[in-house]
Structures are given as C-alpha cells and as structure tokens.
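Undergrad: Dumping the structure here so I can ask a few things about it.
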Amino acid sequence: MTKTLIQFENVTKRFGKMIAVDNVSLSIDEGEFFALLGPSGCGKTTLLRMLAGFETPSEGRILIDGVDVSRVPPNKRPVNMVFQSYAVFPHMSVADNVAYGLTIEGVAATERDRRVEEALALVKLDGLGGRKPDQLSGGQRQRVALARALIKRPRVLLLDEPLSALDAKLREQMRSELAQLQDKVGITFLIVTHDQDEALAMASRCAVMNRGLLQQVATPSDLYEFPNSRFVADFIGSVNMFEGRLLVDEQDHAVVETKELPTKIFLDHGVSGAQASTVWVALRPEKIELHKRADGAPPPCIEDTPVDHNVAAGVIRHITYLGSESVFDVEVTGGRTVRALRSNLTRWDQEDFVGGEAVWLAWHPCSPAVLLS
Ligand SMILES: Nc1ncnc2c1ncn2[C@@H]1O[C@H](COP(=O)(O)OP(=O)(O)OP(=O)(O)O)[C@@H](O)[C@H]1O
Ligand SMILES: [Mg+2]
C-alpha cells in the first residue's frame, strides 16, 4: 500500500508582484523518487524551500504525513536538504562534516561515531572519514553532503541540483548511485534538476514546471511518450512539432493535415477533447524511419497506414555523427526540416547515408502525439 507523505495544496508563493509558484497542488507518496523539472526560474527551488520551511507560502498549505507544517520550524521538520552548490565545511574532516547535525543535537559520542560509520559506508566513503574535503574528488565531496543529510534519518531528502557541479561522466555514475541509495534507505527523495535525462533516468515520477505552474505530473515514460502540451513535448527530449488541423477524428483513428509536410499524418487512435481547429503533432526523431530511394519510389507503406500518409520525400541536409547514433536533418518537399535519428547498429551504418542524398521519411501511425495546447 502506498501512503501519501507530502501534499502541496494550492500553494502559491509571491515575491512582491512576482509569482514564483502558482497554485501548485501535488501529492508525493512515501518512498517515491520524485523529480521536479523545468527551465531556470520556473520555481523549483522555491517549492523545495517551502517544503523545507525556509520560505512560507503566500497561499495554500503544505502537509507532511497529513499534518500542516506551516508553523513547524525547518529544524523540526522531518526533511533534510542538499543544496544546489553542495556546502561542506572545508576546515572540518569528512567525519566531522557528516557528524555535524548529530553534534548540534548533542547525540552521545559513541552513538554519533557509529552512525557516522554507517552513513559513510552507505555512500561508499568507508575509511575516508579522516580526510579534509579538499582531499576528495568532486563526486566524493558530493557524497559527503549526502551522508551529512542522511545521517539525520529524515523522512524526506530534498536534493536541489545535487549533481550540477560534476562532470558528465561522474553525473551519470552518481545518477545510478543515487537511485540505488534511495532504494536501500527507503527515504522519499525529492530532487530538482533542469537536466531532463537525469530526471528520466532516476525518478519514479516527474513534475514539469513552467513559470510557477505545474504543467504535467507523470512517470518518465509517460512524460516522454504522452506529453500533454507543446511545452512538455519540447522540454523533454528532442521533437519535431507540426501545426495542423484535424481532418478526421474517429474512435480508432485520426488524420491531421499540416502545411509543413507533403503528407497527411495518420494516427491509429482518436483525439479526445479536440474542439479547437488547430492542433499540434509531436513526432520524436527516433520514431522516424529513413529509407533509400534508389528508384525514386516511396517505401512500402507501414502496416495499417493508408497510401500517401506518414511518408515524406526529402533531401539530407546535415548529418551529425554521435557515435551510438546519427542525427539526420532532412529537408522535406515544401522546405521544412525534419529531424530523424538512427542507431548505428553496425560499424558501417554511419556510412549508409550521405549528405545531399534523396531519402524518404516514414513513421508508424502510433508514433505521433497530438497536442491541443
Ligand atoms: N528571495 C527571493 N526574492 C525575490 N525573488 C525570488 C526570490 N527567490 C526566488 N525568486 C524568484 O522566483 C522565481 C523562481 O525562482 P527559483 O529559484 O525557485 O527558480 P528555479 O526553478 O529553482 O531556477 P534555477 O533552475 O535557475 O535554479 C525566479 O524568478 C526568482 O528570481
Ligand atoms: Mg533552483
């Protein structure tokens, strides 16, 4: 049975006339690894700071375990925060840094030392307690900050861009370590990031924010495959977006016409709630097939797709080789550039297509997402 641990109820935060967080309602379950995503300035840190008690909501309530925490001071909340620029005390040893919260609380030395050992082992820093922070790598320093937060055994750990100071390779490693750590300690994690890959890789659920508003709350795969708006589709991953209008909208299929493509877009599902005449179609690059056209003829239709739908002729204008895959920018008839992605499954795949080559693009009727806003 999952249990709700955190509830934001219609929470708004204003700084003067600026609305930093706009009427946010959100529930987070015990044991979740929840990620807050969004562009700079959208209100992520402010939302965390209100949960931690460093800011007070202008309106609305925040509940932890069903209890309104508005009047509970930060140090009495079952919440601990790891900050954007992880602050460890440079003059203290690793062990003293980790012990800090317990020392302040006056926990007895034997108990304190035992818990420091335990916390250091948890973040794989066993034996490094005697070092100073400047004798550690960036990743190790970050783990000191984590251990220092975990040692207090909070119900919720708030992580504000915890990996932003690390290089790409280390970030990736810390990502899986954080996920494993969370699994092990069972504490609810609420992490802020503006790195969408990081959120998708670690979180059990994500919320996308924009200008103080919650745009969508979903699992990583639902956010990516079923975005609810252009903003989310565009923010998470790379996408081709086409503006058009619904020609057909039946229970089991739909057709969108767009001036941007020399083909109609056929979908194997209906579009519910579409009243407006304008819709947007989001099509991810990896869902677009690239076909040779030696004889100029279009490729055979993808299963269950009417002729002349979901297939567009074009010319490769640019190829970006990324090692495991290559990105193709294809100018389709009419002038629009469409991006397609292709895995380099063999060592020679990257040489299959060349710049300037005429190709066909094709996609499955289940691939495009139709967006109403
Ligand atoms: N103490 C403050 N006084 C006035 N404005 C503030 C204050 N704190 C935050 N803001 C404003 O509120 C908005 C949201 O800020 P916040 O720090 O929550 O954004 P963020 O999503 O964490 O951004 P970033 O990704 O850059 O860290 C911003 O426009 C910011 O300038
Ligand atoms: Mg921030």
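Within each chain, counting starts at residue 1; across the structure tokens, chains are named A, B, ... in the order shown, with ligands numbered 1 upward in that order.
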Return as a VMD selection string every polymer residue, whether protein, DNA or RNA, with at least one atom no more than 9 Å from an atom of ligand 1; count only C-alpha atoms and all ligand atoms.

TA: chain A and resid 13 to 16 18 to 21 36 to 49 55 84 160 to 161 192 to 194 209 to 212

Undergrad: So that I can check the secondary structure, give me every residue of stretch 225-314 of chain A assigned alpha helix (DSSP H) by backbone DSSP, as JSON, numbers by chain.

TA: {"A": [225, 230, 231, 232, 233, 234, 235]}

Undergrad: Could you pull the residues within 9 Å of A:Cys301, counting only C-alpha atoms, minus those fewer than 6 positions along the same chain, as a VMD selection string?

TA: chain A and resid 307 to 311 362

Undergrad: Could you save those same residues with C-alpha atoms as a PDB file, in the first residue's frame?

TA:
```
ATOM      1  CA  VAL A 307      -1.232   5.146 -49.059  1.00  0.00           C
ATOM      2  CA  ASP A 308       0.272   8.676 -49.135  1.00  0.00           C
ATOM      3  CA  HIS A 309       0.082   9.072 -45.359  1.00  0.00           C
ATOM      4  CA  ASN A 310       3.069   9.187 -42.949  1.00  0.00           C
ATOM      5  CA  VAL A 311       5.610   9.187 -45.750  1.00  0.00           C
ATOM      6  CA  ALA A 362       8.182   7.280 -42.778  1.00  0.00           C
TER       7      ALA A 362
END
```

Undergrad: Measuring between only C-alpha atoms and all ligand atoms, which one of A:Val82, A:Val116, A:Ile64, A:Leu146 shows the shortest distance to ligand 2?

TA: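 Between A:Val82, A:Val116, A:Ile64, A:Leu146, the residue approaching ligand 2 most closely is A:Val82.
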
Undergrad: Point out the residue among A:Leu5, A:Ala168, A:Ile288, A:Leu213 with the least atom-to-atom distance to A:Asp329, counting only C-alpha atoms.

TA: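 Ranking A:Leu5, A:Ala168, A:Ile288, A:Leu213 by distance to A:Asp329, first place goes to A:Ile288.
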
Undergrad: One decimal, Å: what's the distance from atom CA of A:Ser343 over to atom CA of A:Asn240, could you say?

TA: 17.9 Å

Undergrad: Just to confirm, what's the straight-line distance from atom CA of A:Ala207 to atom CA of A:Arg245 in Å (one decimal)?

TA: 28.9 Å

Undergrad: From the set A:Val144, A:Leu159, A:Ala218, A:Ala87, which residue has the shortest atom-to-atom contact distance to ligand 2, counting only C-alpha atoms and all ligand atoms?

TA: A:Leu159

Undergrad: Could you list, as a PyMOL selection string, every residue within 12 Å of A:Arg61, counting only C-alpha atoms and ignoring same-chain residues fewer than 3 positions away?

TA: chain A and resi 6-13+23-27+47+50-51+53+56-58+64+66-71

Undergrad: Once you have the residues from the selection above, write them out as an mmCIF file, in the first residue's frame, restricted to C-alpha atoms.

TA:
```
data_model
loop_
_atom_site.group_PDB
_atom_site.id
_atom_site.type_symbol
_atom_site.label_atom_id
_atom_site.label_comp_id
_atom_site.auth_asym_id
_atom_site.auth_seq_id
_atom_site.Cartn_x
_atom_site.Cartn_y
_atom_site.Cartn_z
ATOM 1 C CA ILE A 6 3.764 15.146 1.099
ATOM 2 C CA GLN A 7 0.870 17.284 -0.046
ATOM 3 C CA PHE A 8 1.049 20.717 -1.601
ATOM 4 C CA GLU A 9 -2.478 22.152 -1.548
ATOM 5 C CA ASN A 10 -2.997 25.161 -3.839
ATOM 6 C CA VAL A 11 0.372 26.563 -2.875
ATOM 7 C CA THR A 12 1.285 29.992 -4.224
ATOM 8 C CA LYS A 13 4.437 31.960 -3.445
ATOM 9 C CA ASN A 23 -1.339 27.470 -7.262
ATOM 10 C CA VAL A 24 0.537 24.157 -7.144
ATOM 11 C CA SER A 25 -1.279 21.056 -5.912
ATOM 12 C CA LEU A 26 0.826 17.913 -5.757
ATOM 13 C CA SER A 27 0.930 14.688 -3.736
ATOM 14 C CA LEU A 47 8.893 24.860 -3.972
ATOM 15 C CA MET A 50 8.778 25.955 1.218
ATOM 16 C CA LEU A 51 8.697 22.236 1.977
ATOM 17 C CA GLY A 53 10.497 25.577 5.847
ATOM 18 C CA THR A 56 6.419 30.456 3.797
ATOM 19 C CA PRO A 57 3.673 30.002 1.195
ATOM 20 C CA SER A 58 1.720 33.183 0.365
ATOM 21 C CA ILE A 64 3.682 16.137 5.726
ATOM 22 C CA GLY A 66 -1.251 14.683 6.916
ATOM 23 C CA VAL A 67 -0.026 17.408 9.279
ATOM 24 C CA ASP A 68 0.019 21.066 8.223
ATOM 25 C CA VAL A 69 3.647 22.113 8.713
ATOM 26 C CA SER A 70 3.187 25.875 8.219
ATOM 27 C CA ARG A 71 4.057 26.584 11.821
#
```

Undergrad: Would you pick out the contacts of A:Pro368 at 10 Å or less, using only C-alpha atoms, so that residues sharing its chain but fewer than 2 positions from it are not included, and give the list as a short mmCIF file (atom, residue, chain, number, x, y, z; two decimals) with N, CA and C atoms, in the first residue's frame?

TA:
```
data_model
loop_
_atom_site.label_atom_id
_atom_site.label_comp_id
_atom_site.auth_asym_id
_atom_site.auth_seq_id
_atom_site.Cartn_x
_atom_site.Cartn_y
_atom_site.Cartn_z
N GLU A 225 6.50 9.95 -23.83
CA GLU A 225 5.67 9.41 -24.91
C GLU A 225 4.30 10.08 -25.01
N PHE A 226 3.79 10.57 -23.89
CA PHE A 226 2.46 11.18 -23.89
C PHE A 226 2.47 12.56 -23.25
N ASN A 240 10.00 16.87 -33.29
CA ASN A 240 9.55 17.61 -34.47
C ASN A 240 8.11 18.02 -34.21
N MET A 241 7.82 19.32 -34.29
CA MET A 241 6.47 19.80 -33.98
C MET A 241 5.84 20.37 -35.25
N ILE A 265 -0.90 13.21 -41.86
CA ILE A 265 -0.45 12.40 -40.73
C ILE A 265 -1.59 11.52 -40.28
N PHE A 266 -1.37 10.21 -40.31
CA PHE A 266 -2.40 9.24 -39.93
C PHE A 266 -2.07 8.70 -38.54
N LEU A 267 -3.08 8.67 -37.68
CA LEU A 267 -2.88 8.17 -36.32
C LEU A 267 -3.80 7.00 -36.05
N ASP A 268 -3.31 6.00 -35.31
CA ASP A 268 -4.13 4.82 -35.05
C ASP A 268 -4.99 4.98 -33.79
N TRP A 280 -1.43 20.41 -32.68
CA TRP A 280 0.00 20.26 -32.95
C TRP A 280 0.33 18.77 -32.89
N VAL A 281 1.19 18.35 -33.79
CA VAL A 281 1.61 16.96 -33.80
C VAL A 281 3.09 16.92 -33.40
N ALA A 282 3.39 16.11 -32.38
CA ALA A 282 4.77 15.96 -31.90
C ALA A 282 5.27 14.60 -32.33
N LEU A 283 6.39 14.60 -33.03
CA LEU A 283 6.94 13.34 -33.54
C LEU A 283 8.42 13.29 -33.17
N ARG A 284 8.79 12.29 -32.38
CA ARG A 284 10.17 12.18 -31.91
C ARG A 284 11.09 11.68 -33.04
N LYS A 287 11.56 7.99 -33.92
CA LYS A 287 10.40 7.25 -34.40
C LYS A 287 10.20 7.44 -35.90
N ILE A 288 11.16 8.14 -36.53
CA ILE A 288 11.07 8.37 -37.97
C ILE A 288 12.08 7.48 -38.68
N ASN A 310 1.88 9.50 -43.78
CA ASN A 310 3.07 9.19 -42.95
C ASN A 310 4.30 8.85 -43.77
N TRP A 363 6.80 6.95 -40.81
CA TRP A 363 6.61 6.67 -39.38
C TRP A 363 5.31 5.90 -39.15
N HIS A 364 5.30 5.23 -38.05
CA HIS A 364 4.18 4.36 -37.68
C HIS A 364 3.00 5.21 -37.19
N PRO A 365 1.77 4.78 -37.44
CA PRO A 365 0.61 5.59 -37.00
C PRO A 365 0.46 5.70 -35.49
N CYS A 366 1.21 4.90 -34.72
CA CYS A 366 1.08 5.05 -33.26
C CYS A 366 2.11 6.04 -32.72
N VAL A 370 -0.73 13.92 -30.59
CA VAL A 370 -1.47 15.13 -30.96
C VAL A 370 -1.68 15.96 -29.71
N LEU A 371 -1.32 17.24 -29.79
CA LEU A 371 -1.41 18.13 -28.64
C LEU A 371 -2.41 19.24 -28.92
#
```
